[in-house]
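Structure first, commentary second.
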Amino acid sequence: MKRILSMLLCLLLAALPAMAEMPEATPEPFSGDFAPRDGGSQDETLTVEVNGENVRLIYDNSPMYSSVQGGLVQASYYAYGADGDTMYLMYIIFPETAGAGMVISPEYAAVTGEECSVVFIVSTSAREQYYFSSVAEGLVYPTDSDFSIAIDSVEEGASGTTYAGKLSAKLVCLELSSGDGQSTLDIPETPFRFTIGGGSQAPQAEPGTTPVPEDMRKV
């Protein structure tokens, strides 16, 4: 469900009516520490300030959440909040053709016609908030959102492709049922680095057959 939701957000202009009909999630409370799944590196982190709290998100290298499909790289990060009830999820989605020295932005996507997104989800036991800036069919949505994904290096290795660069964004929290913009989340320039398996990853399960992850809050 998490993977499907991120892909819908990437194609928001077409998917918004369908998302409005989706039932609200009712995540279960959780507590305790977390560690990267499937041997992910503690070095692959990204820090964002949310409501005065510096949140260190760690890259999730599970192919259920981070993958290369359909010409798009999707990198997933997550963290638990200090209150024990908040979970933060972040996606960086950009074209697989991205190379060192490229700056991926709404302006870039408008020229190339490629899809890209930055998505940030704040999930608690009471509600979920969706902050994002997404480009599809050459249009940025929400209209007053923005992002910049600067690729500093792309390195091929035995374990996959390592992308490193800097991210900045102005994300808008959208009410999915109405499409109205609410609050904004500003992400100043922050470095990122992650290794993704690319074409060597196992194919993703079709909707309805996706196995339930161990971390139920990531569904």
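Residues in the structure tokens are named by chain (A, B, ... in the order shown) and by number from 1 within that chain; ligands are numbered from 1 in the order shown.
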
Closest pair table for range 80-170 of chain A residues within 9 Å of range 52-61 of chain A, only C-alpha atoms, as JSON lines:
{"residue": "A:Tyr80", "atom": "CA", "partner": "A:Val55", "partner_atom": "CA", "distance": 8.2}
{"residue": "A:Gly81", "atom": "CA", "partner": "A:Val55", "partner_atom": "CA", "distance": 7.2}
{"residue": "A:Ala82", "atom": "CA", "partner": "A:Glu53", "partner_atom": "CA", "distance": 8.6}
{"residue": "A:Tyr88", "atom": "CA", "partner": "A:Leu57", "partner_atom": "CA", "distance": 7.6}
{"residue": "A:Leu89", "atom": "CA", "partner": "A:Leu57", "partner_atom": "CA", "distance": 7.9}
{"residue": "A:Met90", "atom": "CA", "partner": "A:Leu57", "partner_atom": "CA", "distance": 8.0}

Could you dump the residues just selected with C-alpha atoms as a PDB file, in the first residue's frame?
ATOM      1  CA  TYR A  80       9.933   7.583  14.158  1.00  0.00           C
ATOM      2  CA  GLY A  81       9.255  10.804  16.067  1.00  0.00           C
ATOM      3  CA  ALA A  82      10.400  11.445  19.624  1.00  0.00           C
ATOM      4  CA  TYR A  88       7.762  10.264   9.039  1.00  0.00           C
ATOM      5  CA  LEU A  89       8.009   8.923   5.485  1.00  0.00           C
ATOM      6  CA  MET A  90       9.814  10.590   2.617  1.00  0.00           C
TER       7      MET A  90
END

- Task: Excluding range 73-75 of chain A and residues on its chain fewer than 5 positions from it, collect all residues at most 6 Å away from it, counting only C-alpha atoms, and give them as number ranges by chain.
- Result: A: 66-68, 91-96

- Task: Could you please determine the separation between CA of Tyr163 in chain A and CA of Phe192 in chain A in Å, to one decimal place?
- Result: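 Distance reported for this atom pair: 8.0 Å.
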
- Atom-to-atom span, CA of Leu139 in chain A and CA of Ser105 in chain A, Å: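 It comes out at 11.3 Å.
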
- Query: What's the 12 Å shell around Ser183 in chain A, counting only C-alpha atoms, without same-chain residues fewer than 5 positions away, as a PyMOL selection string?
  - Reply: chain A and resi 50-51+129-132+142+144-145+170-175

Include N, CA and C atoms and write out the residues we just selected as a compact mmCIF listing (two decimals), in the first residue's frame.
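Saved to part_28.txt:
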# COMPACT_ATOMS: atom_id res chain seq x y z
N VAL A 50 10.83 19.37 11.18
CA VAL A 50 9.37 19.32 11.11
C VAL A 50 8.81 19.78 12.45
N ASN A 51 8.06 20.88 12.43
CA ASN A 51 7.45 21.42 13.65
C ASN A 51 8.47 21.59 14.77
N GLN A 129 -0.80 13.29 7.18
CA GLN A 129 -0.67 14.52 6.41
C GLN A 129 0.29 14.26 5.25
N TYR A 130 -0.08 14.76 4.06
CA TYR A 130 0.70 14.52 2.85
C TYR A 130 1.23 15.84 2.31
N TYR A 131 2.54 16.01 2.40
CA TYR A 131 3.22 17.19 1.85
C TYR A 131 3.94 16.75 0.58
N PHE A 132 3.80 17.50 -0.49
CA PHE A 132 4.51 17.08 -1.70
C PHE A 132 4.58 18.18 -2.75
N PRO A 142 1.14 20.59 -6.04
CA PRO A 142 0.38 21.84 -6.07
C PRO A 142 1.16 22.97 -6.76
N ASP A 144 1.93 26.03 -6.12
CA ASP A 144 2.88 26.88 -5.41
C ASP A 144 3.96 26.07 -4.70
N SER A 145 4.12 24.80 -5.06
CA SER A 145 5.18 23.97 -4.49
C SER A 145 6.41 24.03 -5.39
N LYS A 170 9.97 23.08 -1.33
CA LYS A 170 8.84 23.70 -0.66
C LYS A 170 7.64 22.80 -0.95
N LEU A 171 7.22 22.06 0.06
CA LEU A 171 6.15 21.09 -0.11
C LEU A 171 4.85 21.64 0.47
N VAL A 172 3.76 21.31 -0.16
CA VAL A 172 2.44 21.79 0.26
C VAL A 172 1.63 20.61 0.78
N CYS A 173 1.01 20.80 1.95
CA CYS A 173 0.15 19.78 2.52
C CYS A 173 -1.22 19.89 1.86
N LEU A 174 -1.65 18.81 1.22
CA LEU A 174 -2.88 18.84 0.44
C LEU A 174 -3.96 18.01 1.12
N GLU A 175 -5.16 18.55 1.16
CA GLU A 175 -6.33 17.81 1.60
C GLU A 175 -6.80 16.96 0.42

- Task: Give the answer as one residue: which of A:Thr195, A:Ser133, A:Thr97, A:Ser123 has the shortest atom-to-atom distance to Thr162 in chain A, using only C-alpha atoms?
- Result: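 Among A:Thr195, A:Ser133, A:Thr97, A:Ser123, it is A:Thr195 that comes nearest to Thr162 in chain A.
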
- Choose the residue, out of A:Thr45, A:Val103, A:Val140, A:Ile196, that has the smallest atom-to-atom separation from Leu72 in chain A; count only C-alpha atoms.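 Once distances to Leu72 in chain A are computed over only C-alpha atoms, the minimum belongs to A:Ile196.
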
- Task: Record the distance separating CA of Tyr78 in chain A and CA of Tyr108 in chain A, expressed in Å with one decimal.
- Result: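 Straight-line distance from CA of Tyr78 in chain A to CA of Tyr108 in chain A works out to 26.9 Å.
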